[in-house]
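Source file: entry_29.txt (compact mmCIF, C-alpha atoms)
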```txt
# COMPACT_ATOMS: atom_id res chain seq x y z
CA MET B 214 97.17 44.90 43.09
CA PRO B 215 94.39 47.18 41.86
CA ASN B 216 94.52 50.94 41.67
CA SER B 217 91.62 52.69 43.37
CA SER B 218 89.38 55.42 42.00
CA ASN B 219 89.20 56.79 45.55
CA VAL B 220 91.11 59.89 46.49
CA ARG B 221 92.89 60.34 49.79
CA PHE B 222 92.35 63.45 51.88
CA GLU B 223 94.62 64.98 54.47
CA LEU B 224 93.14 67.81 56.50
CA LEU B 225 95.63 70.66 56.52
CA GLU B 226 93.71 73.50 58.09
CA SER B 227 90.17 73.96 59.35
CA ASP B 228 88.26 76.53 61.36
CA SER B 229 86.27 75.71 64.46
CA GLN B 230 82.96 75.68 62.57
CA TYR B 231 84.14 72.65 60.60
CA SER B 232 85.91 70.84 63.40
CA GLN B 233 83.33 68.04 63.11
CA TYR B 234 85.34 66.75 60.17
CA LEU B 235 87.96 65.43 62.59
CA VAL B 236 86.72 62.95 65.17
CA ARG B 237 89.12 62.76 68.13
CA ASP B 238 86.96 61.44 70.97
CA PRO B 239 88.01 57.78 71.48
CA ARG B 240 84.42 56.74 72.20
CA GLU B 241 83.17 58.30 68.98
CA VAL B 242 86.04 56.81 66.98
CA ARG B 243 85.11 53.37 68.34
CA PHE B 244 81.45 54.01 67.55
CA VAL B 245 82.25 54.78 63.89
CA ILE B 246 84.42 51.65 63.60
CA LYS B 247 81.58 49.59 65.14
CA GLN B 248 79.15 51.05 62.59
CA LEU B 249 81.52 50.01 59.82
CA ALA B 250 81.48 46.49 61.25
CA ALA B 251 77.69 46.41 61.58
CA LYS B 252 77.19 47.52 57.99
CA ARG B 253 80.05 45.41 56.59
CA ALA B 254 81.28 48.49 54.76
CA LEU B 255 84.01 47.85 52.21
CA ILE B 256 87.26 49.64 53.05
CA SER B 257 90.05 50.52 50.62
CA ALA B 258 93.32 49.95 52.50
CA TYR B 259 96.52 51.59 51.21
CA PRO B 260 99.84 50.35 52.67
CA ASP B 261 102.12 53.30 53.46
CA ASP B 262 102.01 55.77 50.55
CA SER B 263 101.33 53.21 47.86
CA PRO B 264 98.71 54.02 45.17
CA ASN B 265 97.68 50.35 45.30
CA PHE B 266 95.01 49.15 47.68
CA GLY B 267 93.15 46.09 48.86
CA LEU B 268 89.52 45.73 49.89
CA THR B 269 88.81 44.77 53.46
CA SER B 270 86.08 45.22 56.07
CA VAL B 271 85.77 45.34 59.85
CA LEU B 272 84.89 41.89 61.16
CA GLU B 273 84.66 42.66 64.86
CA ALA B 274 84.90 45.83 66.94
CA GLY B 275 83.35 45.13 70.30
CA GLY B 276 84.12 44.97 73.99
CA ASN B 277 86.77 47.04 75.72
CA ASP B 278 89.72 45.80 73.70
CA GLN B 279 92.20 48.33 72.34
CA SER B 280 92.13 46.68 68.92
CA PHE B 281 89.62 45.52 66.33
CA VAL B 282 89.64 42.85 63.60
CA LEU B 283 89.65 43.34 59.83
CA ASP B 284 89.30 40.85 57.02
CA VAL B 285 92.27 39.98 54.83
CA ALA B 286 92.33 41.19 51.23
CA ALA B 287 91.89 38.82 48.30
CA ASP B 288 95.41 39.48 47.02
CA ALA B 289 98.22 37.69 48.88
CA GLY B 290 100.83 40.25 47.84
CA LEU B 291 98.66 43.07 49.13
CA ASN B 292 98.24 41.29 52.47
CA GLU B 293 102.01 41.05 52.78
CA ALA B 294 102.32 44.76 51.99
CA LEU B 295 99.68 45.62 54.62
CA GLU B 296 101.50 43.54 57.22
CA ARG B 297 104.87 45.17 56.46
CA ALA B 298 103.51 48.72 56.29
CA ASP B 299 104.28 51.19 59.06
CA SER B 300 100.87 52.73 58.47
CA VAL B 301 97.77 51.98 56.41
CA ILE B 302 95.34 54.59 55.11
CA CYS B 303 91.75 53.30 55.14
CA ILE B 304 89.00 54.93 53.08
CA THR B 305 85.33 54.01 53.13
CA GLN B 306 81.82 55.46 53.24
CA LEU B 307 79.25 55.34 56.01
CA ASP B 308 75.75 56.58 55.23
CA ARG B 309 77.14 58.33 52.13
CA VAL B 310 79.74 60.19 54.20
CA LYS B 311 83.41 59.64 53.37
CA VAL B 312 85.38 58.23 56.29
CA GLN B 313 89.16 58.03 56.38
CA PHE B 314 91.58 56.96 59.09
CA ARG B 315 95.19 55.84 59.46
CA LEU B 316 96.15 52.59 61.17
CA GLU B 317 99.64 52.37 62.66
CA GLY B 318 100.43 48.84 61.58
CA MET B 319 98.31 45.71 61.09
CA VAL B 320 99.07 42.29 62.59
CA ARG B 321 98.07 38.91 61.16
CA VAL B 322 95.76 36.92 63.45
CA GLN B 323 93.24 34.09 63.33
CA HIS B 324 89.60 35.08 63.74
CA ASN B 325 86.94 32.36 63.88
CA ASN B 326 89.51 29.93 62.44
CA ALA B 327 90.15 32.17 59.44
CA PRO B 328 93.03 34.55 58.61
CA ALA B 329 92.45 38.18 59.55
CA PHE B 330 94.22 41.36 60.67
CA SER B 331 94.22 43.03 64.05
CA ALA B 332 94.80 46.78 64.39
CA GLN B 333 94.78 49.35 67.17
CA TYR B 334 91.92 51.84 67.07
CA PRO B 335 93.01 55.06 65.34
CA ASP B 336 93.46 58.11 67.57
CA LYS B 337 91.35 60.17 65.16
CA LEU B 338 89.42 59.84 61.93
CA LEU B 339 88.11 62.15 59.24
CA ARG B 340 84.49 62.44 58.16
CA LEU B 341 83.67 64.55 55.12
CA GLN B 342 80.63 66.34 53.72
CA ARG B 343 78.02 65.91 56.42
CA ARG B 344 76.21 69.09 55.40
CA GLU B 345 72.66 70.46 55.56
CA TYR B 346 72.79 71.18 51.82
CA PHE B 347 72.65 68.66 49.02
CA ARG B 348 76.05 68.71 47.31
CA LEU B 349 76.45 68.22 43.59
CA VAL B 350 79.70 66.70 42.34
CA ALA B 351 80.58 68.86 39.35
CA PRO B 352 80.04 67.01 36.03
CA VAL B 353 83.28 66.24 34.20
CA ALA B 354 81.70 66.96 30.80
CA HIS B 355 80.59 70.47 31.81
CA ALA B 356 83.28 72.10 33.91
CA ILE B 357 82.36 74.72 36.48
CA ASN B 358 85.03 77.34 37.07
CA CYS B 359 85.44 80.04 39.67
CA PHE B 360 87.67 83.05 39.05
CA ILE B 361 89.19 84.34 42.28
CA PRO B 362 90.81 87.80 42.60
CA MET B 363 93.82 87.79 44.88
CA PRO B 364 96.31 90.52 45.78
CA THR B 365 99.92 89.85 44.81
CA ALA B 366 103.20 91.72 45.11
CA THR B 367 102.63 93.18 41.64
CA GLY B 368 98.92 93.97 42.04
CA ASP B 369 95.67 92.04 41.91
CA ARG B 370 95.58 88.83 39.92
CA VAL B 371 92.62 86.63 39.01
CA TYR B 372 93.14 82.88 39.47
CA GLU B 373 91.00 80.30 37.70
CA ALA B 374 89.95 77.43 39.97
CA ARG B 375 88.04 74.28 39.02
CA VAL B 376 84.92 73.64 41.09
CA LEU B 377 84.79 70.10 42.52
CA ASP B 378 81.35 70.22 44.12
CA LEU B 379 78.58 72.76 44.57
CA SER B 380 75.67 73.27 46.96
CA GLY B 381 73.32 76.02 48.06
CA GLY B 382 75.69 76.82 50.90
CA GLY B 383 79.07 76.83 49.19
CA LEU B 384 81.51 75.04 46.95
CA ALA B 385 84.81 73.20 46.94
CA ILE B 386 87.56 74.15 44.53
CA VAL B 387 90.97 72.97 43.52
CA ALA B 388 92.99 75.64 45.27
CA PRO B 389 94.99 77.89 42.93
CA PRO B 390 98.74 77.28 42.62
CA SER B 391 101.36 78.96 44.76
CA GLY B 392 100.94 82.70 44.68
CA ALA B 393 97.33 82.61 45.89
CA GLN B 394 97.62 81.87 49.60
CA LEU B 395 94.25 80.68 50.90
CA HIS B 396 93.62 80.12 54.60
CA PRO B 397 90.58 79.43 56.81
CA ASP B 398 88.38 82.45 57.65
CA MET B 399 89.73 84.30 54.62
CA GLU B 400 86.89 86.21 52.90
CA ILE B 401 87.20 86.84 49.17
CA PRO B 402 84.72 89.22 47.49
CA ASN B 403 84.04 89.62 43.76
CA CYS B 404 84.64 85.99 42.81
CA ARG B 405 83.14 85.08 39.44
CA LEU B 406 81.37 81.73 39.28
CA GLU B 407 80.71 80.42 35.77
CA ILE B 408 77.92 77.84 35.58
CA PRO B 409 77.05 76.28 32.19
CA ASP B 410 74.10 77.91 30.40
CA SER B 411 74.01 80.81 32.89
CA PRO B 412 75.57 84.27 32.94
CA PRO B 413 78.61 84.69 35.26
CA ILE B 414 77.67 85.09 38.92
CA LEU B 415 79.49 87.43 41.31
CA ILE B 416 79.84 85.92 44.78
CA THR B 417 81.75 86.38 48.02
CA LEU B 418 83.49 83.27 49.38
CA LYS B 419 84.76 82.50 52.86
CA VAL B 420 87.41 79.77 53.07
CA ARG B 421 86.43 77.17 55.67
CA ASN B 422 88.95 74.36 55.29
CA ILE B 423 91.86 73.20 53.19
CA PHE B 424 92.72 69.58 52.37
CA ARG B 425 95.58 67.94 50.53
CA VAL B 426 94.07 65.51 48.00
CA THR B 427 95.97 62.65 46.37
CA GLN B 428 94.38 62.02 43.00
CA ARG B 429 94.08 58.75 41.10
CA ASN B 430 97.27 59.44 39.13
CA GLY B 431 99.22 60.02 42.36
CA THR B 432 99.52 63.80 42.00
CA GLU B 433 98.57 66.03 44.92
CA VAL B 434 96.40 69.14 44.82
CA LEU B 435 94.88 71.37 47.48
CA ARG B 436 91.11 71.33 47.94
CA ALA B 437 89.53 74.39 49.53
CA GLY B 438 86.03 74.22 50.99
CA CYS B 439 84.31 77.62 50.79
CA GLN B 440 81.05 79.07 52.11
CA PHE B 441 78.90 81.59 50.27
CA VAL B 442 78.64 84.90 52.12
CA GLY B 443 75.59 87.15 51.67
CA LEU B 444 74.29 85.18 48.69
CA GLN B 445 71.48 87.01 46.90
CA THR B 446 68.19 85.14 46.46
CA ALA B 447 68.35 85.43 42.67
CA THR B 448 71.88 84.01 42.65
CA ALA B 449 70.88 81.16 44.99
CA ASN B 450 67.99 80.33 42.63
CA ILE B 451 70.38 80.06 39.67
CA ILE B 452 72.57 77.62 41.61
CA HIS B 453 69.60 75.53 42.77
CA ARG B 454 68.15 75.36 39.25
CA TYR B 455 71.49 74.17 37.88
CA ILE B 456 71.83 71.47 40.56
CA LEU B 457 68.29 70.23 39.89
CA LYS B 458 68.88 70.21 36.12
CA VAL B 459 72.08 68.15 36.41
CA GLU B 460 70.41 65.65 38.76
CA ARG B 461 67.40 65.31 36.44
CA ASP B 462 69.73 64.68 33.50
CA ARG B 463 71.63 62.03 35.49
CA ALA B 464 68.40 60.33 36.58
CA SER B 465 67.17 60.31 32.99
CA ARG B 466 70.36 58.64 31.75
CA VAL B 467 70.16 55.99 34.47
CA ALA B 468 66.52 55.22 33.56
CA GLN B 469 67.35 54.67 29.88
```
Let me see whether you can do it: turn the structure in this file into structure tokens.
Amino acid sequence: MPNSSNVRFELLESDSQYSQYLVRDPREVRFVIKQLAAKRALISAYPDDSPNFGLTSVLEAGGNDQSFVLDVAADAGLNEALERADSVICITQLDRVKVQFRLEGMVRVQHNNAPAFSAQYPDKLLRLQRREYFRLVAPVAHAINCFIPMPTATGDRVYEARVLDLSGGGLAIVAPPSGAQLHPDMEIPNCRLEIPDSPPILITLKVRNIFRVTQRNGTEVLRAGCQFVGLQTATANIIHRYILKVERDRASRVAQ
């Protein structure tokens, strides 16, 4: 069974401003599943907590039924694992937005005289990064770091955090290790953002949400989504210029 390059997200905490990440309305959940069916979106399906996955897609999600139909995976062993699993984590994209949901069991059925799976609609699903700002995934070759001052029992300490993505409105970081307790609505002044080929930038961050992320190697880290507070125009221009430069460089490499 293959090992996916996807990462799995589990929403730990979120403020009301970002509650759109979690979709709980049954009608909206069904609508998203129907969109996945209409667009034949490929879904990575992970049985239980396994790092292995199989590719599937939604074949039918119509009517007033409580369940919908998914295609079987190409791997027979993976299909057996999906059928045995108590729960299956499904990860996909819809209009460039990451969608994730958990299915509580999948049942083998016949659909149009072909093998398939039936599953109950999830009671909620997670949609990520539907933002008004273009978000840049930080280049691996040129790391972006943010240094975050945090009070501790022995005085202030500065934690170094790797930036995962960056936009004109905020950034996402790998949350610092235990000792720096981040939580939604927490405002952190005097953070130092270090962007390649630019002088360090002093910013104020407001924590908006915290996710647990399972990486490709199976390790878990915390991802904190943060909003810029009171960003100066000159500082915003530096960030925008960097985002444009990286995108131009990427486009140039693709064109070669």
Best match for closeness to Arg454 (chain B) among B:Gly381, B:Arg425, B:Phe441, B:Val387, counting all atoms listed in the file
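Going through B:Gly381, B:Arg425, B:Phe441, B:Val387 one by one, the smallest distance to Arg454 (chain B) is for B:Gly381.
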Given 5 Å on each side, where is the centre and what are the edge lengths in Å to one decimal of the axis-aligned box enclosing the listed atoms of region 378-389 of chain B, as JSON?
```
{"center_x": 84.2, "center_y": 74.1, "center_z": 46.9, "size_x": 31.7, "size_y": 17.7, "size_z": 18.0}
```
Long-range neighbours of Thr448 (chain B) as a list of chain:residue names, 9 Å cut-off, only C-alpha atoms, 3 positions minimum in chain
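Here the qualifying residues turn out to be B:Ile414, B:Leu415, B:Ile416, B:Leu444, B:Gln445, B:Ile451, B:Ile452, B:His453.
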Keeping only C-alpha atoms, take the residues you just selected and write them out as a PDB file, in the frame of the given file.
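Output below, filename result19.pdb:
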```pdb
ATOM      1  CA  ILE B 414      77.670  85.090  38.920  1.00  0.00           C
ATOM      2  CA  LEU B 415      79.490  87.430  41.310  1.00  0.00           C
ATOM      3  CA  ILE B 416      79.840  85.920  44.780  1.00  0.00           C
ATOM      4  CA  LEU B 444      74.290  85.180  48.690  1.00  0.00           C
ATOM      5  CA  GLN B 445      71.480  87.010  46.900  1.00  0.00           C
ATOM      6  CA  ILE B 451      70.380  80.060  39.670  1.00  0.00           C
ATOM      7  CA  ILE B 452      72.570  77.620  41.610  1.00  0.00           C
ATOM      8  CA  HIS B 453      69.600  75.530  42.770  1.00  0.00           C
TER       9      HIS B 453
END
```
CA of Val459 (chain B) and CA of Val312 (chain B), how far apart in Å?
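Computing the Euclidean distance for CA of Val312 (chain B) and CA of Val459 (chain B) yields 25.9 Å.
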B:Pro328, B:Pro260, B:Pro397, B:Pro402 ranked by distance to Val420 (chain B), top pick (using only C-alpha atoms)
B:Pro397
Closest of B:Pro362, B:Lys337, B:Phe330, B:Ala287 to Leu272 (chain B) - atom-to-atom distances counting only C-alpha atoms:
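Checking each of B:Pro362, B:Lys337, B:Phe330, B:Ala287 against Leu272 (chain B), counting only C-alpha atoms, the winner is B:Phe330.
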Of the candidates B:Phe266, B:Phe360, B:Phe244, B:Tyr372, which one gets nearest to Pro335 (chain B) if we count all atoms listed in the file?
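Once distances to Pro335 (chain B) are computed over all atoms listed in the file, the minimum belongs to B:Phe244.
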For CA of Leu395 (chain B) and CA of Cys359 (chain B), quote the distance in Å rounded to one decimal.
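Taking CA of Leu395 (chain B) as the start and CA of Cys359 (chain B) as the end point, the length is 14.3 Å.
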Figure out the distance between CA of Val236 (chain B) and CA of Leu435 (chain B), please, to one decimal in Å.
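These two atoms are separated by 21.2 Å.
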Go through B:Ala385, B:Pro409, B:Asp278, B:Val434 and flag the residue nearest Arg421 (chain B), using only C-alpha atoms for the distances.
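The shortest atom-to-atom distance to Arg421 (chain B) comes from B:Ala385.
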Exercise: Thr269 (chain B) partners within 8 Å, all atoms listed in the file, chain neighbours under 6 positions left out, as a list in words
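These residues fall inside the cut-off: Leu255, Ile256, Ser257, Ala258, Leu283, Asp284, Val285 and Ala286 of chain B.
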Using all atoms listed in the file - which residues lie no farther than 12 Å from the point (83.2, 47.4, 68.8) in the file's frame? Write them as number ranges by chain.
B: 239-251, 271-283, 333-334
Hey, what's within 6 Å of Lys311 (chain B) if we count only C-alpha atoms and toss same-chain stuff fewer than 3 positions away? As an MDAnalysis selection string, please?
chainID B and resid 305:306 340:341
Choose the residue, out of B:Met363, B:Leu268, B:Ala449, B:Val376, that has the smallest atom-to-atom separation from Asn403 (chain B); count all atoms listed in the file.
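Smallest distance to Asn403 (chain B) is found for B:Met363.
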